[in-house]
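Have a look at the structure below, then the notes.
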Amino acid sequence: MDGLPSPLLLDILTRLVDSADVARCRVASKTLNSLAPGIRSINLHCSYLRYAKSRSPLTKSSVTPFKQVFNKLISEFRTVDTVLIGVDKPLRLVAYEYHDVEDDLFLSDVAFVKEWLPNISGDLRSLSVSDFWLQSCWRRSDVLSLISSYCLKLLELVIKNAWLSVDGLTPMPKLTTLTLEFIRLDDENLEKVSECFPSLQILNLIGVGGLKEPMIHLTHLRTCHWTLSNAPTSISIIAPNLTNLTLNCVKPNSLLIDTPLLSDLSLSLESAHNFKVSDFSRLKKLHLESPSLRNLLDKFPVGWTVENLTAVSTKWEVPVGRSKSILELLLHGFPNISCLTLTCGAWAEFETYPGFGGLESGNQMKGLKEIRAYVTVNDIEVTLSTIFFLLDNCSSLSNMAIFVHHDVVSIVTSKLISRCMGRCARVRWKWGMWKEGMKDAWISDGI
Amino acid sequence: MSEKIVLTCSDGTEFVVDEAVALQSQTLKHMIEDGCADNIPVPNVTAPILAKVIEYCKRHVASADPNDADLKSFYEDFVKVDQPTLFDLILAANYLDIKNLLDLTCQTVADMIKGKSPEEIRTIFNIKNDFTPEEEEQIRKDNAWAFE
């Protein structure tokens, strides 16, 4: 580093995400070693390999205990604004081979956190703890109380894989981002959460159990990601400034979404006996997912402002008697959409039951500019006739993207592509492949 | 008609650039605003490095949209240079105060360090081991956990 001045070296060291990389830099030169304590973030994680080594009788003695490493590390830094401590994701899957009574990786342990948190809490802005489920799931932790009493400047808090109590939790008015993932939370209606984190702008509750009739009531909330099991009986969100919401639930007895400024909603819901949503006067983007999509559409208020709609039907049946096709229902519910995505179930239902194409939906189809379809091509002629129907009726259509299922034979896919592109040259075609559990991939940007 | 700025590098070579390109550098921006826009000396930067910096700034004037896939691949190719050049680019970006170029080049070095041993790190930074054997033993002991 002949030539790189210390401030630039510190800039580079600060960008090292992993504290182990910093440690190896310290061994490389005196200069780097002396600059290291100026780094303001600590990120220590326990890999699966390290865990395995610490348990194997052969290598056990050569592995420094994790908490000891962390305590030593944190004592060497002058000012700390970010702490990330955790076990790697694969450790979430460690099976119950034996009853793990050890606590060497029980990271939300108040006794452990108390050893270092008070010393650095003055400047701490961001804290993330990813605990080891095997050791934490049966030990209730009061760590939230500890954090709330010391970390008065904390802006962001992430806790994963732990059992958290809210006893002694005091208000944290500066906290703007909270993520609880894979947590058992002893705050069954989220009362304490709403009370003690009043300034939250971003809230992520992913796989948080222990809830009964949870209600999120937060004035400043802007973004919320909430996934729930079928345990809660009633779910409510009252957030007057919320713009982005992702909500995955199953079949609550009652669901209330009071978010008048919402512009982006992703909702996965089987059904709800009492389903109340506010008038979405700003909703632009909507993703609806359900095994009973028709029922859900029935209960959803008409969305005049929605421009971009994705319909996911995870289970469908051909409707009995005279009913509208799924496309007609979607267009009726969202008359001004310009971009429509039909995933496999919704597309398959539409192919099988194209309905009667009434006058009303004819007009609405003229507004569609972009369509994306996820197809399985069980019968190429049926798929083609459905695509052609859309091409003929959506006079404003300029973009059509078709994702063909990975398992479809390539000859069939090629035939599909050539016949579509031959039929309609004015549309910009894009072709891709999809498969359950895999990321979509583009084949070509068709010319 | 866009204004032209002349930049003179360490060996006297002159580079003529559009004002908008030069303004990507906060250092040059201050000089231009202070009125010395005719011929700006950039004595710490050699011709090949200045040429690369100008290439970067030109691309940024064209489009700095972070979602642009072309921009991403431009960045990837831009930093595929040898180590001395990369370090010279860092120094130039620092002197000329071009924040996103400094971010890109420093981040590249940080990414190179990931997972490397101290010996490899010394090669990346082109530095010698300046610990005495006793000091090295101690420092290794202190950081033993990172090698377990």
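Letters A, B, ... go to the chains of the structure tokens in the order shown; residues in each chain start at 1; ligands are counted from 1 in the same order.
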
For a quick test of understanding: name the residues of chain B lying within 8 Å of chain A when counting only C-alpha atoms, and present them as a ChimeraX atom specification. /B:87,91,106-107,109-111,113-119,121-122,125-131,136,139-140,143,145-146,148

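Every protein or nucleic acid residue with an atom no more than 6 Å from Leu283 in chain A, counting only C-alpha atoms and leaving out same-chain residues fewer than 4 positions away, appears here: Leu262, Ser263, Thr305 and Val306 of chain A.
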
Per DSSP on the backbone, what are the strand (DSSP E) residues of range 11-141 of chain B, as a PyMOL selection string? chain B and resi 14-18+39-41
